[in-house]
Amino acid sequence: MKGKLVLADGSVFEGLYLGGAPVLGEVVFNTGMTGYQEILTDPSYADQIITLTYPLIGNYGVYKEIAQASKPYARGMIVGELCTFPSNWQNEGTFEEYMRTFGIPCLYDVDTRAVTRTIRDHGVMKGIICPLDTPEETIKNLLDQPLPRNQIMNVTTKWEGFRGDESADFHVAVYDFGVKENILRSLQAAGCRLTIFPADTKAETVLAAKPDGIFLSNGPGDPKDVPFAQEEIKKLIGKKPIFGICMGHQLLALAMGGDTFKLRFGHRGSNHPVKDLRTGRVYITSQNHGYAVDEASLAHTDMEVTHRSVNDGTVEGMHHKTLPVMSIQYHPEASPGPTDNLYLFDEFKDMMRKGC
Amino acid sequence: METKGKKILVIGSGPIIIGQAAEFDYAGTQACRSLREEGYEVVLVNSNPATIMTDEDIADRVYIEPISVEFITEVIRKERPYGLLATLGGQVGLNMAVELSNQGVLDKYNVKLLGTSLEAIKQAEDRELFKEAMKRIGQPVPESDIFSDVDKAVEFAGSIGYPIIIRPAYTLGGTGGGIAHNEEEMYMIALRGIKLSPIHQILVERSVAGWKEIEYEVMRDSADNCIIVCNMENIDPVGVHTGDSIVVAPSQTLNDIQYQMLRTASVNIIRYLEIEGGCNVQYALDPNSNQYYVIEVNPRVSRSSALASKATGYPIAKVAAKVATGMTLDQITNAVTGETKACFEPSLDYVVTKFPRWPFEKFNLADRTLGTQMKATGEVMAIDRTLEGSLLKAIRSLEIGLDHIALKKIEHETPEQLLERLQLIDDERIYVVAQALRAGISVEKIHYITKIDLFFINKIKNIVMVERDLAEKGLDADVLRRAKRYSFPDTVIARYAKTTPEEVEKARKAQGLMPTFKYVDTCAAEFEAHTPYYYSAYAKEDEVKPLGDKSVIVLGSGPIRIGQGVEFDYCSVHSSWALRKAGMKSIIINNNPETVSTDFDTSDSLYFEPLTVDDVMEVVRKENPVGVIAQFGGQTAINLAGPLAQRGVKILGTSVDSIDMAEDRERFDELLAKLGIPRPVGALVTSHEEAIAAAKKLNYPLIVRPSYVLGGRAMEIVYNDKELDTYMKEAVVASKDHPVLIDRYMVGMEVEVDAISDGGDVCIPGIMEQIERAGVHSGDSMAVYPPQHLSKDIQEQIVDYTKRIACGLHVKGIVNIQYIVANGELNVIEVNPRSSRTVPFISKVTGINMIEMATRISLGASLKDLGLPLGLALQRPYVAVKAPVFSFSKMGLVEIALGPEMKSTGEVMGIGHTYADALFKAVNGANMRIPEKGQILITVADRDKEEASQLAKGFIDLGYHIQATGGTGKYFKDHGIDCTIVNKIHEGKDNCADHVRQGNVDLMLNTLTYGKRPERDGFQLRRLAVEMGVPCLTSLDTAREVLRVVASRAQEENNVSVEAMQDFNKE
């Protein structure tokens, strides 16, 4: 079926449409050359329409093990070419079938570079993907709708969960704001057993589980959508070592009295250089964030910047001046992306070893 | 760090040979500029004059001297550099650094090795150390062992089972390696490998043939920051040398787990080896599991890094040079965005295909199978938004007479024949795959036989399906769109849809189907790019702004091949620079990833496209330039001039009519007759019968060749009807459209002239005299400037003829003329209204930038405007000799005897104050390795015996002992020359070949007896010399000059003198 992408600024990109009804979402782009399945299933993309800049998608098929959540939360995909004959020994089916199974619409056969350039120049914006013959009015009505908010409450776990066995070195309480599967696996691989809590869990409940450390997960949307989370995090500072990733990092900044802001077109890809200011070393990181911590706002807090983006200088990591509290904006757990940053999980373990 | 006044020595890679092509001109040039940007003074040594890097303005001190320890030591003694950069000059540069260190030269002169340490280099290059290192960091390597003893190697092979890969240590492009399937093959390859390895070591390894071959280009700096510039996947699985493989970037069939697994391994390896700069890691990945092996690490900038640079836009050599001086990646700006830093990993939003260019069309008897020994002389690269598109663009960039993935000669083969043919791994396999799909053979079956990943076979199937749809549905809108997305040219669409290209063009314009142009920007459009590096794609958005009304297109020269080497890239680059100097905007179209011309800062706009009329026309439509310059890109560009002019494009400089006049035999003869200039008598024939008739009139010997030739392709000297007969049947197909030229072969001295002309007068920077007599292709001859044996009268006549021809042809720009002096009479052999391979040589030697001047004339200036001397320029007070370099050891079954067909892949220059000095340097630079005394085996044709006996006396005087075969030996003895007579090969045991094999021959002089069949003794003997690394001279003239060099060196002390080009040109 023929389809199109209509952006809020009026630009239209035609292609072929895999799906039914029109869908609305914030249109973003990711520059990773591999990892389409991980990207699609990363809960941090909830309610977004993802444009993949690499034009050949689906080449190696899909593989259940690498999904980052039990189902995708993204609204849709925009890709160049959709491969119908995947080839890889781990392949279990085509990406097309996979999207169909989960009801994720996909616009393909699109000049994704043109879409990307539009977003780069105008910033991320609302857009819809729909069949080509969708009435103008339907499109207009959809585009007039506000984008959904509060994604965290849609993607967080509904009940407490447990992972790992009792013999693990550390017990970590995970605040699930939309946690990626590989974060949980990486923590386990680092020797932790996990208790996973819903995003709106009270600090007291978490502390009652007697964890060695607290982990604040990644998640979708605007950190200011969940003010309650900030409040609970505040209560945890100084009680237990804390490590935050992505959304967790932003919520920590807010909890400490800092501020966050929305980036023009975000950082999404597997090739972002980040400097660890403590060592001067630069690491290539996997990133997926539309918001960032405002560095100036940290001036009057107890936090100091430890990592900075080499591309645009924004804050990519921070720690508390005196307490065992640290966070980073990017994804050391990779999936997709480079695995150069697993050392951060070791730093978290060191903090837990020393305790508060 | 204070850099001002600090000198850094950069070692280049020397002449172009198979396995080491133009990529090091690109790398060296970038490195020199990058270092100067930081304030360093750069001293460069490279023996190859056909390069941009040896231009006087690329380095502060340019030494065109042999790359050998004694010469470089002398440069170091003279210049006293603080540091040495050796990782940008290929294997040659790297080996030289190791050698200089081993011999204590670096210590003695306190020269610091910049970048990667020698320890690291040794760990990566020495098989045993490498294996140990990989073991230590848990990186798997195939079971293997190192041997210097053949029998032990064979025994080991038997213990791990065949097939077995054999790799000699420290050789280029896998020279001497191979895959053995049984004990007998094992013995032969091991023997050869041990001989060819400079340290007489081979690695015997378990074969993982059929696995996926994946490469990673990694950078690391002194602060231990590591990045991956690019990964690449070979379409040809393990078993074919990566230089001979079709390669795509980025990898296509690896999921993120596999991609990151190998990325992490690369980072761990480069960190452990502590490489500072660029590095290439090759893997074999099991297609059925995540098991992998590390195959090889190149601790330097390589052919793959040149490819990765062009594929991503990330300037690896430039960054590697800065890293070597101690800068870190986050301190270096990403030149593409101007904002972000060099410390990031490029993201591609297109597919790149690299396709090798093999020289087999020149060697019709060569072994075309592909294995561990690289055979390609060059490569092309193509970019598109689809894999199909980039593959098809790559194929038509090769200039092998194909505009599509379809080979005429296998068009009618049956499925059975095709299945048989698929077993063969050679240069035509990809076309066989396509043909097999057309014949209905399944993707799975093809995969089963070839082990090529199903993904790639399916991609080729997509192409075949479009062909079928075109045939069935004609110019259906949807089919047409698919065809264009796969970059099918209109001509190919027309062929399948059974219509005309004009109809196709009309149909697609009607539906608005036009190519768009996109940036190569390192970052998939995430940041705005400032580098004008483009490719075409049939997509929605065209993001390129034309340069405006002062732009000129310079056509590049495509892939490096025998007959059209890096020298034409040199010309394109200079033309682009000249345009900018003249206030114009330059646009380069080229498809060779190894070159300086395809660096994004060489021109104002770079279009990375095939050099076909269709593809060039799209760029012309896009940019609407003032005109197109076609005279500097070799035959590639000049062949496009006519068709472009026909489509209304303005060709700047010499007109298309003049080009035609020079290339059309009859018109050219007419012109010469009018000018009263003689040429060897000849005829143009269009059939076999006409050829025999013409021969009767002209008398043997004759030179025969097809019209419109480059590098003497399929050119031969024939001595009788039988040979002419064979030639007309086997070498060419004569027809009305493709006539064959037959000329009287004159024995004499060849002279070559490159001139600049404005149509009214000429400027001749210098005359070059060829050392080998006529009959040896000028590209394979040694040449000397200024002439050593030409009388003043003849020289004046040359100037006079050159002026008359240039003006008669209305040349506006550059012209190359070849003369022959026979019996005191000057004859014209050939006129090329374009730049030639000697242009860089003569420009450098005389200090006259011929290309810049010719470009200015193409734009309308006169010789007078440019202040050029008219006639012959003042002779310089020094001598320069150009010597050819061959790659015979990489090409099995190829005739090495020199003849009218060009065979050399590169050249070197020797420059000195005397002829003897220049000659010595040229012979030394060409690595002829002539020993001062020893055993010389002489076996020559009857007509050469008298001359050979003179030479034999000379060799005896030097202390050589002569061995000769029957006829030659008898002649020598009859003339009082002491020699040992040895058996010819067919005469049984203990023959001359056995002597060579046993290492009892140090030098060979062997001239051709006619009938070039491999079974002949002479041929076998010459090939044996190549395999065993014994220098073999096949021309009496070369032998005479070699003798002269050895004799003059024997008299002097072994001191060498070096001088920078900057100093020569001051004189």
# chains A, B, ... in the order shown; residues from 1 in each chain; ligands from 1

$ residues_around --residues "range 1034-1041 of chain B" --least-positions-apart "2" --cutoff "8 Å" --atoms "only C-alpha atoms" --output "list of chain:residue names"
B:Ile771, B:Glu772, B:Arg773, B:Met782, B:Ile896, B:Ala897, B:Leu898, B:Leu919, B:Asp944, B:Glu947, B:Ala948, B:Leu951, B:Leu1005, B:Asn1006, B:Thr1007, B:Leu1008, B:Cys1032, B:Leu1043, B:Arg1044, B:Val1045

$ residues_around --residues "range 228-244 of chain A" --least-positions-apart "6" --cutoff "6 Å" --atoms "only C-alpha atoms" --output "PyMOL selection string"
chain A and resi 203+213-216+251+255+324-327+352+356

$ closest_atom_pairs --of "chain B" --to "chain A" --cutoff "9 Å" --atoms "only C-alpha atoms" --output "Markdown table"
| residue | atom | partner | partner_atom | distance |
| --- | --- | --- | --- | --- |
| B:Ala223 | CA | A:Arg281 | CA | 6.8 |
| B:Asp224 | CA | A:Arg281 | CA | 7.2 |
| B:Asn225 | CA | A:Val282 | CA | 5.7 |
| B:Cys226 | CA | A:Tyr283 | CA | 7.6 |
| B:Ile227 | CA | A:Ile284 | CA | 7.1 |
| B:Pro250 | CA | A:Met33 | CA | 7.8 |
| B:Ser251 | CA | A:Met33 | CA | 8.9 |
| B:Gln252 | CA | A:Asn59 | CA | 6.5 |
| B:Thr253 | CA | A:Tyr60 | CA | 5.3 |
| B:Leu254 | CA | A:Tyr60 | CA | 6.4 |
| B:Asn255 | CA | A:Tyr60 | CA | 5.9 |
| B:Asp256 | CA | A:Gly35 | CA | 5.1 |
| B:Ile257 | CA | A:Ser335 | CA | 7.7 |
| B:Tyr259 | CA | A:Thr34 | CA | 7.7 |
| B:Gln260 | CA | A:Pro338 | CA | 5.8 |
| B:Met261 | CA | A:Thr339 | CA | 8.5 |
| B:Arg263 | CA | A:Pro338 | CA | 7.5 |
| B:Thr264 | CA | A:Thr339 | CA | 6.8 |
| B:Val267 | CA | A:Asp340 | CA | 8.7 |
| B:Pro287 | CA | A:Trp89 | CA | 6.6 |
| B:Asn288 | CA | A:Trp89 | CA | 5.3 |
| B:Ser289 | CA | A:Trp89 | CA | 6.6 |
| B:Asn290 | CA | A:Trp89 | CA | 8.8 |
| B:Leu329 | CA | A:Val282 | CA | 8.6 |
| B:Asp330 | CA | A:Val282 | CA | 7.4 |
| B:Glu339 | CA | A:Asn311 | CA | 7.5 |
| B:Thr340 | CA | A:Asn311 | CA | 5.0 |
| B:Lys341 | CA | A:Asn311 | CA | 6.7 |
| B:Cys343 | CA | A:Pro273 | CA | 6.4 |
| B:Phe344 | CA | A:Pro273 | CA | 5.3 |
| B:Glu345 | CA | A:Asn271 | CA | 5.0 |
| B:Pro346 | CA | A:Asn271 | CA | 7.0 |
| B:Ser347 | CA | A:Thr31 | CA | 6.4 |
| B:Leu348 | CA | A:Tyr54 | CA | 6.5 |
| B:Asp349 | CA | A:Tyr54 | CA | 4.4 |
| B:Tyr350 | CA | A:Pro55 | CA | 6.4 |
| B:Val351 | CA | A:Pro55 | CA | 8.2 |
| B:Arg385 | CA | A:Pro55 | CA | 6.5 |
| B:Thr386 | CA | A:Leu56 | CA | 7.4 |
| B:Leu387 | CA | A:Leu56 | CA | 8.3 |
| B:Asp453 | CA | A:Ser87 | CA | 7.5 |
| B:Leu454 | CA | A:Ser87 | CA | 6.3 |
| B:Phe455 | CA | A:Ser87 | CA | 5.6 |
| B:Asn458 | CA | A:Phe85 | CA | 7.3 |
| B:Lys518 | CA | A:Arg113 | CA | 8.8 |
| B:Cys523 | CA | A:Thr31 | CA | 7.6 |
| B:Ala524 | CA | A:Thr53 | CA | 6.3 |
| B:Ala525 | CA | A:Arg117 | CA | 5.9 |
| B:Glu526 | CA | A:Arg120 | CA | 6.4 |
| B:Phe527 | CA | A:Arg120 | CA | 7.4 |
| B:Glu528 | CA | A:Arg120 | CA | 8.5 |
| B:Ala539 | CA | A:Asp111 | CA | 5.8 |
| B:Lys540 | CA | A:Asp111 | CA | 5.8 |
| B:Glu541 | CA | A:Ala114 | CA | 5.8 |
| B:Asp542 | CA | A:Ala114 | CA | 8.6 |
| B:Glu543 | CA | A:Ala114 | CA | 8.4 |

$ select_by_dssp --residues "range 95-234 of chain A" --states "strand (DSSP E or B)" --output "ChimeraX atom specification"
/A:106-108,125-131,161-163,170-176,192-198,213-216

$ select_by_dssp --residues "range 275-326 of chain A" --states "helix (DSSP H, G or I)" --output "PDB file with C-alpha atoms, in the first residue's frame"
ATOM      1  CA  GLU A 295      24.872  22.259  33.089  1.00  0.00           C
ATOM      2  CA  ALA A 296      24.415  25.777  34.442  1.00  0.00           C
ATOM      3  CA  SER A 297      21.596  24.562  36.653  1.00  0.00           C
ATOM      4  CA  LEU A 298      23.989  22.212  38.443  1.00  0.00           C
TER       5      LEU A 298
END

$ closest_residue --among "B:Ala180, B:Ala1025, B:Val443, B:Leu611" --to "Ala394 in chain B" --atoms "only C-alpha atoms"
B:Leu611

$ atom_distance --atom1 "CA of Ile316 in chain B" --atom2 "CA of Asn590 in chain B"
19.6 Å

$ atom_distance --atom1 "CA of Leu344 in chain A" --atom2 "CA of Leu277 in chain A"
13.8 Å

$ residues_around --residues "Leu85 in chain B" --least-positions-apart "2" --cutoff "12 Å" --atoms "only C-alpha atoms" --output "ChimeraX atom specification"
/B:7-12,27-28,31-32,35,42-45,81-83,87-90,93-94,96-98,106,111-118,276-277,300-301,317,320-326

$ residues_around --residues "His789 in chain B" --least-positions-apart "3" --cutoff "12 Å" --atoms "only C-alpha atoms" --output "VMD selection string"
chain B and resid 748 to 751 767 to 771 783 to 786 792 to 795 821 824 915

$ decode --residues "range 256-285 of chain A" --atoms "N, CA and C atoms" --output "mmCIF file, in the first residue's frame"
data_model
loop_
_atom_site.group_PDB
_atom_site.id
_atom_site.type_symbol
_atom_site.label_atom_id
_atom_site.label_comp_id
_atom_site.auth_asym_id
_atom_site.auth_seq_id
_atom_site.Cartn_x
_atom_site.Cartn_y
_atom_site.Cartn_z
ATOM 1 N N MET A 256 18.067 16.818 42.528
ATOM 2 C CA MET A 256 19.143 17.548 43.200
ATOM 3 C C MET A 256 18.996 19.058 43.051
ATOM 4 N N GLY A 257 17.928 19.462 42.377
ATOM 5 C CA GLY A 257 17.699 20.903 42.231
ATOM 6 C C GLY A 257 18.163 21.455 40.902
ATOM 7 N N GLY A 258 18.592 20.586 40.035
ATOM 8 C CA GLY A 258 19.008 21.041 38.703
ATOM 9 C C GLY A 258 17.834 21.102 37.745
ATOM 10 N N ASP A 259 18.150 21.355 36.480
ATOM 11 C CA ASP A 259 17.072 21.489 35.506
ATOM 12 C C ASP A 259 17.408 20.672 34.263
ATOM 13 N N THR A 260 16.372 20.391 33.489
ATOM 14 C CA THR A 260 16.577 19.700 32.205
ATOM 15 C C THR A 260 15.940 20.526 31.088
ATOM 16 N N PHE A 261 16.372 20.274 29.861
ATOM 17 C CA PHE A 261 15.780 20.977 28.718
ATOM 18 C C PHE A 261 15.691 20.022 27.538
ATOM 19 N N LYS A 262 14.869 20.398 26.593
ATOM 20 C CA LYS A 262 14.697 19.539 25.437
ATOM 21 C C LYS A 262 15.721 19.900 24.360
ATOM 22 N N LEU A 263 16.401 18.890 23.840
ATOM 23 C CA LEU A 263 17.371 19.111 22.759
ATOM 24 C C LEU A 263 16.613 19.304 21.447
ATOM 25 N N ARG A 264 17.275 19.985 20.501
ATOM 26 C CA ARG A 264 16.576 20.255 19.253
ATOM 27 C C ARG A 264 16.174 18.981 18.514
ATOM 28 N N PHE A 265 17.163 18.108 18.327
ATOM 29 C CA PHE A 265 16.788 16.842 17.690
ATOM 30 C C PHE A 265 17.350 15.623 18.420
ATOM 31 N N GLY A 266 17.769 15.840 19.660
ATOM 32 C CA GLY A 266 18.175 14.712 20.481
ATOM 33 C C GLY A 266 19.483 14.058 20.060
ATOM 34 N N HIS A 267 19.885 13.082 20.829
ATOM 35 C CA HIS A 267 21.059 12.260 20.500
ATOM 36 C C HIS A 267 20.561 10.834 20.366
ATOM 37 N N ARG A 268 20.556 10.319 19.167
ATOM 38 C CA ARG A 268 20.121 8.928 19.005
ATOM 39 C C ARG A 268 21.026 8.225 17.997
ATOM 40 N N GLY A 269 21.798 7.287 18.506
ATOM 41 C CA GLY A 269 22.710 6.570 17.622
ATOM 42 C C GLY A 269 23.730 5.797 18.433
ATOM 43 N N SER A 270 24.624 5.119 17.719
ATOM 44 C CA SER A 270 25.614 4.264 18.384
ATOM 45 C C SER A 270 27.024 4.827 18.284
ATOM 46 N N ASN A 271 27.147 6.094 17.906
ATOM 47 C CA ASN A 271 28.495 6.611 17.598
ATOM 48 C C ASN A 271 28.828 7.900 18.324
ATOM 49 N N HIS A 272 28.205 8.132 19.487
ATOM 50 C CA HIS A 272 28.411 9.424 20.148
ATOM 51 C C HIS A 272 29.634 9.423 21.059
ATOM 52 N N PRO A 273 30.589 10.319 20.786
ATOM 53 C CA PRO A 273 31.776 10.387 21.644
ATOM 54 C C PRO A 273 31.472 11.136 22.943
ATOM 55 N N VAL A 274 31.918 10.566 24.029
ATOM 56 C CA VAL A 274 31.721 11.194 25.342
ATOM 57 C C VAL A 274 33.051 11.208 26.063
ATOM 58 N N LYS A 275 33.385 12.342 26.653
ATOM 59 C CA LYS A 275 34.650 12.426 27.372
ATOM 60 C C LYS A 275 34.399 12.201 28.852
ATOM 61 N N ASP A 276 35.157 11.279 29.423
ATOM 62 C CA ASP A 276 35.146 11.095 30.865
ATOM 63 C C ASP A 276 36.122 12.122 31.413
ATOM 64 N N LEU A 277 35.586 13.180 32.054
ATOM 65 C CA LEU A 277 36.434 14.311 32.450
ATOM 66 C C LEU A 277 37.426 13.928 33.536
ATOM 67 N N ARG A 278 37.155 12.828 34.215
ATOM 68 C CA ARG A 278 38.045 12.405 35.296
ATOM 69 C C ARG A 278 39.335 11.824 34.746
ATOM 70 N N THR A 279 39.265 11.224 33.562
ATOM 71 C CA THR A 279 40.461 10.574 33.006
ATOM 72 C C THR A 279 40.916 11.223 31.705
ATOM 73 N N GLY A 280 40.045 12.020 31.096
ATOM 74 C CA GLY A 280 40.384 12.613 29.806
ATOM 75 C C GLY A 280 40.140 11.667 28.648
ATOM 76 N N ARG A 281 39.736 10.445 28.940
ATOM 77 C CA ARG A 281 39.500 9.459 27.883
ATOM 78 C C ARG A 281 38.155 9.701 27.201
ATOM 79 N N VAL A 282 38.126 9.418 25.923
ATOM 80 C CA VAL A 282 36.880 9.559 25.181
ATOM 81 C C VAL A 282 36.333 8.155 24.878
ATOM 82 N N TYR A 283 35.054 7.983 25.086
ATOM 83 C CA TYR A 283 34.414 6.700 24.816
ATOM 84 C C TYR A 283 33.336 6.880 23.759
ATOM 85 N N ILE A 284 33.201 5.891 22.908
ATOM 86 C CA ILE A 284 32.104 5.918 21.945
ATOM 87 C C ILE A 284 30.904 5.275 22.629
ATOM 88 N N THR A 285 29.782 5.961 22.598
ATOM 89 C CA THR A 285 28.642 5.516 23.384
ATOM 90 C C THR A 285 27.388 5.364 22.531
#
